[in-house]
Amino acid sequence: MFKSALIGLLSMLAVLVLPQAAQAEYADVVINNYADAAGMRPAVFPHWYHRIRFRCKVCHADLGFKFKAGGNKITMAKIIDGKFCGACHNGEISWSVENCGMCHSGIPGTPTQIHGSTVQRLVAPTYKSLSKPKPAK
Amino acid sequence: MKIKYFFLSVLVAATFTVVGGNAQAAQAPIKQVKSAKGKVSGANVFNRLLKKEKQRNAPPPEDGIHDPANDGTHVLQPPLIAYDGLPKTEFGNYVDWVKALNDGLLKPRYDRFDPTVEPLVMDLDIVREVKASMPDVVFPHKPHTQWLHCSNCHPKIFIPQRKANVINMSAILLGQKCGVCHGKVSFPITTKSCTKCHSKPKPADWKPPKSEASLKNPWR
């Protein structure tokens, strides 16, 4: 009896504590091409926070970020070289790279994805049908 | 007896979620309504597929993608604090970014270093007649060029020539054409946002064209 009450209590805690991805802020990007494999938490890029400070043009035209989550193959070597996030997170425009936990703040195992997207919210998953291999011609 | 206790505590859990998770929520989560007598199969719940956000603009430690065990997570700014005073919408970040910019509430940089550089704004509306009953689409260059550069769209996403591009809703919903941005970062496609794009009413005498199958239907 005590045991089942405990399980119930745990499930209550789980419901309260375990967050749901459905609540992620619209346009937050989880970037996890390499981080998990290297034992780091995935990086989380908040669009809302940056667009208050910069227009899209700064990143997507001047700095060459492609419009694709995970599509820029960002690595730390490129960042400390002043590319991608490193164009600003260099101690001059913004705080610098030694603040690992500010960017690497994702839950381990979270896949590369943009959150709150229309496709993600559809009732039937369409990413899957899109990524099916095309029949050979 | 055991089972009873279990259900009792799950019930408590559910109540807690409804009460706790709802502190900032604008809408109550949908309760799954089951038959009172419990004789009907559990498969026949009320909302089988409706997805609703429990909490809008959740702070990073509670949003499901940030790890609360990471110290940095708690230093990140919760969106609601930043959005205070910005005009609201019913979708996306729940912020009207276009209005916020036009009202001078935001001044995002157009140049990485120099805050005084002004964007190259072009005020050219492109009307696209829609075959269906929806109002026609007006594509305004103005709000786009306030945020973006011409090269963000031309020529990779759109050939810069009226009617040179085939656009339809299925492509947009799958993340192509307008859907490269809308539905990902700029305002999304939801029932409440249709008229942002479909903004030019059809002429009063407009009627939906009849489909071939209907015109050739031998039974009518």
# chains A, B, ... in the order shown; residues from 1 in each chain; ligands from 1

call {"tool": "interface_residues", "arguments": {"of": "chain B", "to": "chain A", "cutoff": "7 Å", "atoms": "only C-alpha atoms", "output": "PyMOL selection string"}}
result
chain B and resi 2+5-6+9-10+13+17+49+53-58+62-67+70-73+92-93+106-112+147-149+152+173-174+183-185+188-189

call {"tool": "residues_around", "arguments": {"residues": "Ala132 (chain B)", "least_positions_apart": "3", "cutoff": "9 Å", "atoms": "only C-alpha atoms", "output": "list in words"}}
result
Glu129, Pro135, Asp136, Pro208 and Pro209 of chain B

call {"tool": "select_by_dssp", "arguments": {"residues": "region 116-191 of chain B", "states": "strand (DSSP E)", "output": "ChimeraX atom specification"}}
result
/B:125-128,136-140

call {"tool": "residues_around", "arguments": {"residues": "region 121-126 of chain B", "least_positions_apart": "4", "cutoff": "6 Å", "atoms": "only C-alpha atoms", "output": "ChimeraX atom specification"}}
result
/B:138-142,145-146

call {"tool": "write_last_selection", "arguments": {"atoms": "C-alpha atoms", "output": "CSV table (one decimal), in the first residue's frame"}}
result
chain,number,residue,atom,x,y,z
B,138,VAL,CA,-0.1,40.5,-50.0
B,139,PHE,CA,3.7,40.1,-49.6
B,140,PRO,CA,5.0,43.3,-48.1
B,141,HIS,CA,8.7,44.0,-48.8
B,142,LYS,CA,8.8,46.7,-46.1
B,145,THR,CA,13.7,44.4,-45.6
B,146,GLN,CA,13.5,46.0,-42.1

call {"tool": "atom_distance", "arguments": {"atom1": "CA of Asn165 (chain B)", "atom2": "CA of Asn72 (chain A)"}}
result
26.7 Å
